$ cat model_8.cif   # mmCIF, C-alpha atoms
data_start
#
loop_
_atom_site.label_atom_id
_atom_site.label_comp_id
_atom_site.auth_asym_id
_atom_site.auth_seq_id
_atom_site.Cartn_x
_atom_site.Cartn_y
_atom_site.Cartn_z
CA MET A 11 -26.41 -80.39 40.82
CA ALA A 12 -28.69 -78.24 42.98
CA GLU A 13 -25.78 -77.15 45.09
CA GLY A 14 -23.83 -76.42 42.01
CA LYS A 15 -26.66 -74.31 40.69
CA THR A 16 -26.88 -72.26 43.84
CA THR A 17 -23.20 -71.67 43.81
CA ASP A 18 -23.48 -70.65 40.19
CA SER A 19 -26.23 -68.17 40.94
CA GLN A 20 -24.29 -66.77 43.87
CA LYS A 21 -21.06 -66.44 42.00
CA PRO A 22 -22.12 -63.67 39.62
CA GLY A 23 -23.68 -61.79 42.55
CA LEU A 24 -20.60 -62.02 44.69
CA PRO A 25 -18.15 -59.86 42.78
CA ILE A 26 -20.62 -56.95 42.62
CA VAL A 27 -20.96 -56.91 46.38
CA THR A 28 -17.27 -57.12 46.84
CA ASN A 29 -16.70 -54.35 44.33
CA VAL A 30 -18.93 -51.96 46.20
CA GLU A 31 -17.26 -52.87 49.43
CA VAL A 32 -13.84 -52.43 47.97
CA PHE A 33 -14.85 -49.11 46.45
CA SER A 34 -16.26 -47.75 49.68
CA SER A 35 -13.26 -48.93 51.60
CA LEU A 36 -10.94 -47.41 49.02
CA GLU A 37 -12.70 -44.11 49.25
CA LYS A 38 -12.35 -44.10 52.99
CA GLU A 39 -8.73 -45.00 52.83
CA ASP A 40 -8.00 -42.36 50.21
CA LEU A 41 -9.73 -39.66 52.17
CA ASN A 42 -8.02 -40.79 55.35
CA SER A 43 -4.65 -40.68 53.70
CA ILE A 44 -5.28 -37.16 52.44
CA THR A 45 -6.91 -35.61 55.45
CA GLY A 46 -5.21 -37.67 58.10
CA ASN A 47 -8.42 -37.34 60.08
CA VAL A 48 -10.79 -40.26 60.11
CA ASN A 49 -13.62 -38.55 61.86
CA VAL A 50 -13.71 -35.21 60.10
CA ARG A 51 -15.33 -35.76 56.76
CA ASN A 52 -16.74 -32.37 56.06
CA ARG A 53 -17.18 -31.36 52.52
CA SER A 54 -15.16 -28.19 52.83
CA THR A 55 -12.16 -29.91 54.34
CA TRP A 56 -12.27 -32.53 51.65
CA LEU A 57 -12.25 -29.78 49.04
CA THR A 58 -9.34 -28.00 50.60
CA CYS A 59 -7.42 -31.23 50.69
CA PHE A 60 -8.24 -31.81 47.08
CA MET A 61 -7.03 -28.32 46.24
CA GLN A 62 -3.81 -28.81 48.10
CA GLU A 63 -3.20 -32.02 46.30
CA HIS A 64 -3.90 -30.87 42.78
CA LEU A 65 -3.28 -27.12 42.53
CA PRO A 66 0.19 -25.75 42.00
CA SER A 67 1.65 -24.19 45.12
CA ASN A 68 1.64 -20.65 43.82
CA ARG A 69 -2.12 -20.73 43.30
CA LEU A 70 -2.81 -21.58 46.92
CA LEU A 71 -3.95 -18.69 49.04
CA ALA A 72 -3.28 -18.13 52.70
CA ASN A 73 -6.94 -18.19 53.63
CA GLU A 74 -7.78 -21.60 52.33
CA ASP A 75 -11.16 -22.09 53.96
CA ASP A 76 -12.76 -19.10 52.29
CA MET A 77 -14.05 -20.47 49.03
CA SER A 78 -16.04 -17.41 47.99
CA ASN A 79 -13.27 -15.66 46.08
CA LYS A 80 -11.94 -18.60 44.17
CA PHE A 81 -12.63 -18.58 40.49
CA VAL A 82 -10.99 -20.64 37.93
CA SER A 83 -12.12 -19.42 34.57
CA THR A 84 -12.17 -22.28 32.18
CA ASP A 85 -13.02 -20.52 28.94
CA THR A 86 -9.94 -18.32 28.62
CA SER A 87 -8.16 -20.70 26.33
CA ARG A 88 -11.06 -20.65 23.95
CA LYS A 89 -11.00 -16.87 23.69
CA HIS A 90 -7.33 -16.94 22.81
CA LYS A 91 -7.97 -19.40 20.07
CA LYS A 92 -10.72 -17.26 18.60
CA LYS A 93 -8.50 -14.17 18.55
CA ARG A 94 -5.72 -16.01 16.81
CA GLN A 95 -8.08 -17.29 14.18
CA SER A 96 -9.38 -13.81 13.41
CA LYS A 97 -5.85 -12.45 13.09
CA GLN A 98 -4.90 -15.16 10.66
CA ARG A 99 -7.94 -14.43 8.58
CA ILE A 100 -7.00 -10.75 8.27
CA LYS A 101 -3.50 -11.67 7.19
CA VAL A 102 -4.80 -13.96 4.50
CA SER A 103 -7.21 -11.38 3.15
CA ARG A 104 -4.42 -8.77 2.99
CA SER A 105 -2.13 -11.00 1.05
CA VAL A 106 -4.88 -11.56 -1.48
CA LEU A 107 -5.19 -7.83 -2.18
CA THR A 108 -3.33 -6.60 -5.20
CA LYS A 109 -2.63 -3.13 -3.84
CA SER A 110 -0.08 -3.00 -1.10
CA SER A 111 -0.90 -1.41 2.23
CA SER A 112 0.85 1.74 3.33
CA TYR A 113 2.89 -0.28 5.80
CA GLU A 114 4.16 -2.58 3.07
CA ARG A 115 4.89 0.35 0.82
CA ARG A 116 6.93 2.00 3.56
CA LYS A 117 8.81 -1.22 4.06
CA LEU A 118 9.59 -1.44 0.37
CA SER A 119 10.54 2.17 -0.09
CA LYS A 120 14.05 3.31 0.53
CA GLU A 121 13.25 7.00 0.15
CA LEU A 122 15.77 9.02 -1.79
CA THR A 123 18.67 7.54 0.11
CA THR A 124 21.07 8.14 -2.69
CA ARG A 125 20.68 11.86 -2.21
CA SER A 126 24.35 12.61 -1.90
CA THR A 127 25.21 10.72 -5.06
CA GLN A 128 22.56 12.37 -7.24
CA LYS A 129 23.92 14.51 -10.02
CA TYR A 130 22.42 17.46 -11.82
CA SER A 131 23.60 16.21 -15.18
CA THR A 132 21.47 13.05 -14.94
CA TYR A 133 18.33 15.18 -14.81
CA LEU A 134 19.10 17.41 -17.78
CA PRO A 135 17.26 15.04 -20.19
CA LEU A 136 14.26 15.20 -17.89
CA LYS A 137 14.29 18.96 -18.19
CA THR A 138 14.39 18.83 -21.98
CA LEU A 139 11.57 16.31 -21.93
CA TRP A 140 9.52 18.58 -19.72
CA THR A 141 10.08 21.62 -21.93
CA SER A 142 8.96 19.71 -25.00
CA TYR A 143 5.92 18.47 -23.05
CA ILE A 144 4.93 21.90 -21.86
CA GLU A 145 5.34 23.41 -25.32
CA ASP A 146 3.11 20.68 -26.69
CA LEU A 147 0.60 21.32 -23.93
CA LEU A 148 0.40 25.08 -24.17
CA GLN A 149 0.59 25.27 -27.97
CA VAL A 150 1.38 28.94 -27.86
CA ASP A 151 4.31 30.69 -29.35
CA LEU A 152 5.96 31.82 -26.16
CA SER A 153 7.93 34.57 -27.84
CA LYS A 154 4.79 36.39 -28.95
CA LEU A 155 2.51 36.62 -26.01
CA THR A 156 -0.54 38.76 -25.67
CA THR A 157 -2.43 39.49 -22.50
CA SER A 158 -5.57 37.81 -23.83
CA VAL A 159 -4.00 34.33 -23.64
CA PHE A 160 -2.88 34.66 -20.06
CA PRO A 161 -5.95 33.21 -18.31
CA SER A 162 -6.04 30.09 -20.49
CA LEU A 163 -2.29 29.66 -20.13
CA ALA A 164 -2.50 29.88 -16.37
CA GLN A 165 -5.34 27.37 -16.39
CA LYS A 166 -3.24 24.96 -18.40
CA MET A 167 -0.19 25.44 -16.23
CA MET A 168 -2.22 24.57 -13.15
CA LYS A 169 -3.17 21.24 -14.66
CA ALA A 170 0.32 20.55 -15.95
CA ASP A 171 2.88 18.30 -14.39
CA LEU A 172 5.86 19.94 -12.78
CA HIS A 173 8.32 17.07 -12.66
CA GLY A 174 11.39 18.20 -14.53
CA CYS A 175 10.50 21.86 -14.40
CA PRO A 176 13.27 24.32 -13.59
CA LEU A 177 12.14 26.25 -10.53
CA ARG A 178 13.50 29.10 -8.52
CA VAL A 179 12.42 30.21 -5.08
CA ARG A 180 11.63 33.88 -5.28
CA LYS A 181 10.08 34.56 -1.92
CA SER A 182 9.95 32.59 1.25
CA LYS A 183 9.39 33.02 4.93
CA CYS A 184 12.61 31.21 5.55
CA PRO A 185 15.48 33.34 4.20
CA SER A 186 17.77 30.42 3.47
CA TYR A 187 15.38 29.05 0.83
CA ILE A 188 15.37 32.25 -1.23
CA GLY A 189 17.37 32.01 -4.43
CA VAL A 190 17.52 28.23 -4.53
CA GLU A 191 17.34 27.11 -8.14
CA GLY A 192 17.02 23.65 -9.61
CA ILE A 193 15.02 20.99 -11.43
CA VAL A 194 11.97 19.51 -9.71
CA ILE A 195 12.48 15.79 -9.36
CA GLN A 196 9.65 15.07 -6.97
CA GLU A 197 6.48 16.87 -6.05
CA THR A 198 4.51 15.81 -3.01
CA ARG A 199 1.61 17.42 -1.20
CA ASN A 200 3.72 19.78 0.83
CA MET A 201 7.15 19.64 -0.75
CA PHE A 202 9.13 20.29 -3.88
CA THR A 203 12.31 18.29 -4.16
CA LEU A 204 14.80 20.19 -6.24
CA ILE A 205 18.18 19.21 -7.51
CA THR A 206 20.48 22.19 -7.71
CA THR A 207 23.30 22.85 -10.12
CA GLY A 208 25.71 22.06 -7.30
CA ASP A 209 24.54 18.40 -7.27
CA ARG A 210 22.58 18.85 -4.06
CA VAL A 211 19.06 17.63 -3.39
CA LYS A 212 16.95 20.17 -1.53
CA ARG A 213 13.47 19.71 -0.18
CA ILE A 214 11.53 22.90 -0.03
CA PRO A 215 8.06 23.18 1.53
CA LYS A 216 5.45 24.75 -0.71
CA ALA A 217 3.82 26.62 2.12
CA ASN A 218 4.90 30.19 2.68
CA SER A 219 7.01 30.51 -0.43
CA VAL A 220 6.66 31.72 -4.02
CA PHE A 221 8.31 29.96 -6.97
CA THR A 222 9.01 31.15 -10.50
CA THR A 223 9.79 29.37 -13.72
CA VAL A 224 10.88 30.88 -16.99
CA LEU A 225 9.44 29.66 -20.28
CA GLY A 226 10.77 31.51 -23.29
CA ASN A 227 9.85 35.12 -22.61
CA ALA A 228 7.20 34.33 -20.02
CA VAL A 229 7.70 34.09 -16.30
CA PHE A 230 5.23 31.96 -14.38
CA THR A 231 4.78 32.50 -10.68
CA ILE A 232 3.54 29.74 -8.44
CA HIS A 233 2.13 30.67 -5.09
CA GLY A 234 3.02 27.77 -2.85
CA ASN A 235 0.22 28.39 -0.43
CA HIS A 236 -2.38 27.71 -3.12
CA PHE A 237 -0.54 24.68 -4.39
CA LEU A 238 -0.82 22.44 -1.34
CA VAL A 239 -2.29 19.49 -3.22
CA ARG A 240 -0.86 16.20 -4.34
CA PRO A 241 0.26 16.45 -7.97
CA GLY A 242 -2.16 13.76 -9.12
CA GLU A 243 -5.13 15.33 -7.44
CA ARG A 244 -4.31 18.81 -8.57
CA ALA A 245 -5.52 18.08 -12.08
CA ALA A 246 -9.02 17.32 -10.82
CA LYS A 247 -9.14 20.20 -8.40
CA LYS A 248 -10.89 23.43 -9.20
CA PHE A 249 -8.82 26.44 -8.36
CA LYS A 250 -10.50 29.42 -6.85
CA THR A 251 -9.10 32.89 -6.94
CA LYS A 252 -8.01 33.53 -3.42
CA PRO A 253 -6.41 36.68 -2.18
CA SER A 254 -2.87 35.92 -1.14
CA ILE A 255 -1.58 37.68 1.90
CA ASP A 256 1.85 38.91 1.08
CA LEU A 257 4.77 37.72 3.08
CA MET B 11 -12.93 10.77 -28.97
CA GLY B 12 -15.24 13.42 -30.32
CA LYS B 13 -18.99 13.37 -30.40
CA ASP B 14 -20.77 12.74 -33.68
CA GLY B 15 -17.74 13.06 -35.90
CA THR B 16 -16.51 16.31 -34.44
CA THR B 17 -12.79 16.48 -33.99
CA ARG B 18 -12.91 17.47 -30.35
CA TYR B 19 -10.24 15.82 -28.30
CA LEU B 20 -11.52 15.29 -24.78
CA HIS B 21 -9.07 15.23 -21.90
CA LYS B 22 -6.18 15.98 -24.15
CA GLU B 23 -4.09 17.48 -21.34
CA ILE B 24 -4.61 14.42 -19.21
CA PHE B 25 -3.46 12.06 -21.94
CA GLN B 26 -0.45 14.26 -22.51
CA ARG B 27 0.34 14.23 -18.83
CA VAL B 28 0.05 10.45 -18.60
CA GLY B 29 2.36 10.07 -21.57
CA PHE B 30 4.85 12.51 -20.16
CA LEU B 31 4.92 10.80 -16.76
CA LEU B 32 5.50 7.42 -18.35
CA GLN B 33 8.35 8.83 -20.42
CA ALA B 34 9.82 10.56 -17.39
CA ALA B 35 9.71 7.33 -15.37
CA ASN B 36 11.45 5.54 -18.20
CA LEU B 37 14.06 8.23 -18.55
CA VAL B 38 14.83 8.48 -14.85
CA LEU B 39 15.35 4.75 -14.56
CA LYS B 40 17.49 4.75 -17.67
CA MET B 41 19.74 7.55 -16.51
CA ASP B 42 20.35 6.09 -13.07
CA PRO B 43 19.22 2.53 -12.24
CA ASN B 44 19.22 3.36 -8.54
CA ASN B 45 16.33 5.78 -9.00
CA ILE B 46 13.74 3.15 -8.18
CA GLU B 47 11.89 5.33 -5.71
CA LEU B 48 11.59 8.22 -8.13
CA CYS B 49 10.30 5.95 -10.86
CA ARG B 50 7.71 4.61 -8.45
CA HIS B 51 6.62 8.12 -7.61
CA TYR B 52 6.10 9.02 -11.27
CA ILE B 53 4.12 5.89 -12.00
CA ALA B 54 2.00 6.38 -8.90
CA THR B 55 1.25 9.95 -9.97
CA MET B 56 0.41 8.76 -13.46
CA ARG B 57 -2.02 6.19 -12.12
CA LEU B 58 -3.62 8.74 -9.82
CA VAL B 59 -4.11 11.22 -12.67
CA ALA B 60 -5.68 8.56 -14.87
CA GLU B 61 -7.85 7.37 -12.00
CA LYS B 62 -9.12 10.84 -11.09
CA HIS B 63 -10.20 11.64 -14.62
CA VAL B 64 -11.60 8.20 -15.37
CA ILE B 65 -9.77 7.84 -18.66
CA ARG B 66 -9.16 4.58 -20.43
CA VAL B 67 -5.42 3.91 -20.42
CA HIS B 68 -3.96 1.90 -23.27
CA PRO B 69 -3.20 -1.73 -22.37
CA TYR B 70 0.39 -1.18 -23.46
CA ILE B 71 0.82 1.31 -20.61
CA LYS B 72 -1.18 -0.78 -18.20
CA ARG B 73 1.07 -3.76 -18.70
CA SER B 74 4.30 -1.85 -18.44
CA PHE B 75 4.36 -1.37 -14.67
CA CYS B 76 3.94 -3.49 -11.56
CA LYS B 77 0.48 -3.16 -10.07
CA LYS B 78 1.69 -3.61 -6.54
CA CYS B 79 4.87 -1.58 -6.16
CA ASN B 80 4.46 0.82 -9.12
CA ILE B 81 7.80 0.11 -10.76
CA LEU B 82 8.34 0.01 -14.50
CA LEU B 83 8.82 -3.56 -15.64
CA LEU B 84 11.96 -3.61 -17.73
CA PRO B 85 12.88 -7.13 -18.79
CA GLY B 86 16.22 -8.13 -17.32
CA LYS B 87 16.43 -5.18 -14.95
CA THR B 88 13.29 -5.03 -12.85
CA ALA B 89 11.33 -7.89 -14.33
CA LYS B 90 11.78 -11.50 -15.32
CA ILE B 91 9.91 -12.82 -18.36
CA ARG B 92 9.38 -16.53 -18.87
CA SER B 93 7.19 -18.58 -21.17
CA ARG B 94 5.50 -21.59 -19.68
CA SER B 95 3.22 -24.20 -21.11
CA LYS B 96 2.27 -26.35 -18.14
CA SER B 97 -1.50 -26.27 -18.38
CA GLU B 98 -1.94 -23.67 -21.07
CA PRO B 99 0.84 -21.81 -22.88
CA HIS B 100 1.34 -18.38 -21.32
CA THR B 101 3.89 -15.71 -20.52
CA VAL B 102 4.80 -14.95 -16.91
CA ILE B 103 6.19 -11.56 -15.97
CA THR B 104 7.60 -11.42 -12.45
CA CYS B 105 8.51 -8.19 -10.69
CA LYS B 106 11.99 -8.67 -9.28
CA LEU B 107 11.43 -6.23 -6.44
CA CYS B 108 8.19 -7.43 -4.91
CA GLY B 109 7.60 -10.76 -6.64
CA THR B 110 4.21 -9.95 -8.10
CA VAL B 111 3.28 -12.04 -11.10
CA LYS B 112 1.47 -11.12 -14.30
CA ARG B 113 0.26 -13.82 -16.64
CA PHE B 114 -0.78 -13.50 -20.25
CA MET B 115 -2.35 -16.38 -22.08
CA TRP B 116 -1.58 -17.11 -25.69
CA ARG B 117 -5.15 -17.54 -26.76
CA LYS B 118 -5.57 -16.91 -30.43
CA SER B 119 -9.21 -15.95 -30.03
CA HIS B 120 -8.41 -13.32 -27.42
CA GLN B 121 -8.68 -9.77 -28.59
CA LEU B 122 -8.07 -6.54 -26.74
CA TRP B 123 -10.89 -4.03 -26.61
CA ILE B 124 -8.75 -1.50 -28.43
CA GLU B 125 -8.22 -3.89 -31.32
CA LYS B 126 -11.93 -4.43 -31.88
CA GLN B 127 -13.83 -2.50 -34.49
CA GLU B 128 -16.50 -1.29 -32.08
CA ALA B 129 -13.89 0.50 -29.93
CA TRP B 130 -13.39 3.06 -32.63
CA LEU B 131 -15.95 5.71 -33.37
CA SER B 132 -17.34 5.60 -36.88
CA GLY B 133 -16.09 9.08 -37.71
CA LYS B 134 -12.47 8.18 -37.02
CA LYS B 135 -10.53 5.41 -38.56
CA SER B 136 -6.87 5.15 -37.83
#

$ encode --input "model_8.cif" --output "structure tokens"
Amino acid sequence: MAEGKTTDSQKPGLPIVTNVEVFSSLEKEDLNSITGNVNVRNRSTWLTCFMQEHLPSNRLLANEDDMSNKFVSTDTSRKHKKKRQSKQRIKVSRSVLTKSSSYERRKLSKELTTRSTQKYSTYLPLKTLWTSYIEDLLQVDLSKLTTSVFPSLAQKMMKADLHGCPLRVRKSKCPSYIGVEGIVIQETRNMFTLITTGDRVKRIPKANSVFTTVLGNAVFTIHGNHFLVRPGERAAKKFKTKPSIDL
Amino acid sequence: MGKDGTTRYLHKEIFQRVGFLLQAANLVLKMDPNNIELCRHYIATMRLVAEKHVIRVHPYIKRSFCKKCNILLLPGKTAKIRSRSKSEPHTVITCKLCGTVKRFMWRKSHQLWIEKQEAWLSGKKS
């Protein structure tokens, strides 16, 4: 029984000892197999061996022993992740917005691509609509004009909308624009888009040109240089009397 | 919109301009259905004018165009109108060009501001 006991007590101790021995021997063998040198067990050589074993061949430098310039940044992947997350967030917030961004608007817009197919006759109703609008706005009998009404008329015309108005270029720095006549179909900050009687769409810059429109017996002159505002903002703008340098 | 019963009409030109632009947008789209871009331009101008002068636009006008791409919503042409009653009966208006959705509930208790008595000044009743 006593013998049995001793053997019992030794048995659990035995495998631990053997494990350590096996481990140490394994380590030695492993290192030997890698380095091929039994005696040289320097730390640096072990590291180089480790590097050779585990790094891809293109990462290995010619001067292997110099460890000073070797950096492997571990946190790059994290940064990438963070960036991606932020981008996604922006996208989500944009899609929530009701107003479209300028980029989206540009993508949607086709511009006036159907320019060649536009016809003057399709815009004649717009012209009649505009004339009725302007008569309603001015509320003056245009056949009987007196000089006293002119300032108030001019003030009203400045605030009025010009889409559908028949315009004529009277003066311009560019000689080819002079004499162009047509209905305004679009007014932007710098341009009037006219459709001429010859079914052609012409874009004429406001700058450096003078336009005229005829209303009954009155002739209104628009100085393009003073009109360089978007049509929506023009209504809120206060016009100042500026001297215009003649062309 | 006068003060103390006076018949002054504030911002008359602006209201006229808004009305004209809406009519023009309608007309342009009616004359040539390809004039989508021009219609958008008119509606955008109309909105800008109304925004700059801080005027209260009638809900009828507000509901007639797409908030996102500024196109007039004409049923069958540029918009799709459906009635649904999944959770609560409502009308859905979808813009065919950009896919934006407007929903209007059929609540009987709901009343527009313009329909209420307090929206109208005491001097005017019409």

$ closest_residue --input "model_8.cif" --among "B:Lys87, B:Arg27, B:Lys112, B:Lys106" --to "chain A" --atoms "all atoms listed in the file"
B:Arg27

$ interface_residues --input "model_8.cif" --of "chain B" --to "chain A" --cutoff "8 Å" --atoms "only C-alpha atoms" --output "PyMOL selection string"
chain B and resi 23+26-27+30+34+37-38+41-42+44-45+47-48+51+55-56+58-59+62-63+77-79

$ resolve_selection --input "model_8.cif" --expression "the PyMOL selection byres ((chain B and resi 116) around 7)" --output "list in words"
Pro99, His100, Phe114, Met115, Arg117 and Lys118 of chain B

$ closest_residue --input "model_8.cif" --among "A:Val220, A:Ile214, A:Ile193, A:Val150" --to "Tyr130 (chain A)" --atoms "only C-alpha atoms"
A:Ile193

$ atom_distance --input "model_8.cif" --atom1 "CA of Leu122 (chain B)" --atom2 "CA of Ile24 (chain B)"
22.5 Å

$ atom_distance --input "model_8.cif" --atom1 "CA of Arg180 (chain A)" --atom2 "CA of Ala54 (chain B)"
29.4 Å

$ resolve_selection --input "model_8.cif" --expression "the PyMOL selection byres ((chain A and resi 178) around 7)" --output "list in words"
Pro176, Leu177, Val179, Arg180, Gly189, Val190, Glu191, Gly192, Phe221, Thr222 and Thr223 of chain A

$ atom_distance --input "model_8.cif" --atom1 "CA of Met201 (chain A)" --atom2 "CA of Gln149 (chain A)"
28.6 Å

$ residues_around --input "model_8.cif" --residues "Leu82 (chain B)" --least-positions-apart "5" --cutoff "9 Å" --atoms "all atoms listed in the file" --output "MDAnalysis selection string"
chainID B and resid 32 35:36 39 46 49:50 53 74:76 88:89

$ write_last_selection --input "model_8.cif" --atoms "C-alpha atoms" --output "short mmCIF file (atom, residue, chain, number, x, y, z; two decimals), in the coordinates of the input"
data_model
loop_
_atom_site.label_atom_id
_atom_site.label_comp_id
_atom_site.auth_asym_id
_atom_site.auth_seq_id
_atom_site.Cartn_x
_atom_site.Cartn_y
_atom_site.Cartn_z
CA LEU B 32 5.50 7.42 -18.35
CA ALA B 35 9.71 7.33 -15.37
CA ASN B 36 11.45 5.54 -18.20
CA LEU B 39 15.35 4.75 -14.56
CA ILE B 46 13.74 3.15 -8.18
CA CYS B 49 10.30 5.95 -10.86
CA ARG B 50 7.71 4.61 -8.45
CA ILE B 53 4.12 5.89 -12.00
CA SER B 74 4.30 -1.85 -18.44
CA PHE B 75 4.36 -1.37 -14.67
CA CYS B 76 3.94 -3.49 -11.56
CA THR B 88 13.29 -5.03 -12.85
CA ALA B 89 11.33 -7.89 -14.33
#

$ closest_residue --input "model_8.cif" --among "B:Arg113, B:Ile71, B:Asn80, B:Leu107" --to "Ser95 (chain B)" --atoms "all atoms listed in the file"
B:Arg113

$ closest_residue --input "model_8.cif" --among "B:Lys72, B:Lys40, B:Arg66, B:Lys126" --to "Phe25 (chain B)" --atoms "all atoms listed in the file"
B:Arg66

$ decode --input "model_8.cif" --residues "region 94-105 of chain B" --atoms "N, CA and C atoms" --output "tab-separated table (two decimals), in the first residue's frame"
chain	number	residue	atom	x	y	z
B	94	ARG	N	-52.98	55.32	-50.12
B	94	ARG	CA	-52.63	54.12	-49.35
B	94	ARG	C	-53.28	54.20	-47.99
B	95	SER	N	-53.50	53.03	-47.42
B	95	SER	CA	-54.16	53.02	-46.11
B	95	SER	C	-53.52	51.97	-45.22
B	96	LYS	N	-52.21	51.85	-45.31
B	96	LYS	CA	-51.53	50.78	-44.56
B	96	LYS	C	-51.65	51.00	-43.05
B	97	SER	N	-51.07	52.09	-42.58
B	97	SER	CA	-51.17	52.37	-41.15
B	97	SER	C	-52.25	53.42	-40.88
B	98	GLU	N	-52.24	54.41	-41.75
B	98	GLU	CA	-53.23	55.49	-41.65
B	98	GLU	C	-53.53	55.94	-43.06
B	99	PRO	N	-54.78	56.13	-43.44
B	99	PRO	CA	-55.06	56.49	-44.82
B	99	PRO	C	-54.38	57.80	-45.23
B	100	HIS	N	-53.68	57.78	-46.35
B	100	HIS	CA	-52.98	58.98	-46.80
B	100	HIS	C	-52.78	58.93	-48.30
B	101	THR	N	-52.42	60.08	-48.85
B	101	THR	CA	-52.10	60.19	-50.27
B	101	THR	C	-50.59	60.30	-50.42
B	102	VAL	N	-50.04	59.60	-51.39
B	102	VAL	CA	-48.60	59.67	-51.64
B	102	VAL	C	-48.40	60.27	-53.03
B	103	ILE	N	-47.61	61.33	-53.08
B	103	ILE	CA	-47.27	61.93	-54.37
B	103	ILE	C	-45.78	61.72	-54.60
B	104	THR	N	-45.44	60.99	-55.65
B	104	THR	CA	-44.05	60.69	-55.93
B	104	THR	C	-43.61	61.47	-57.17
B	105	CYS	N	-42.46	62.12	-57.05
B	105	CYS	CA	-41.87	62.80	-58.21
B	105	CYS	C	-41.24	61.74	-59.10
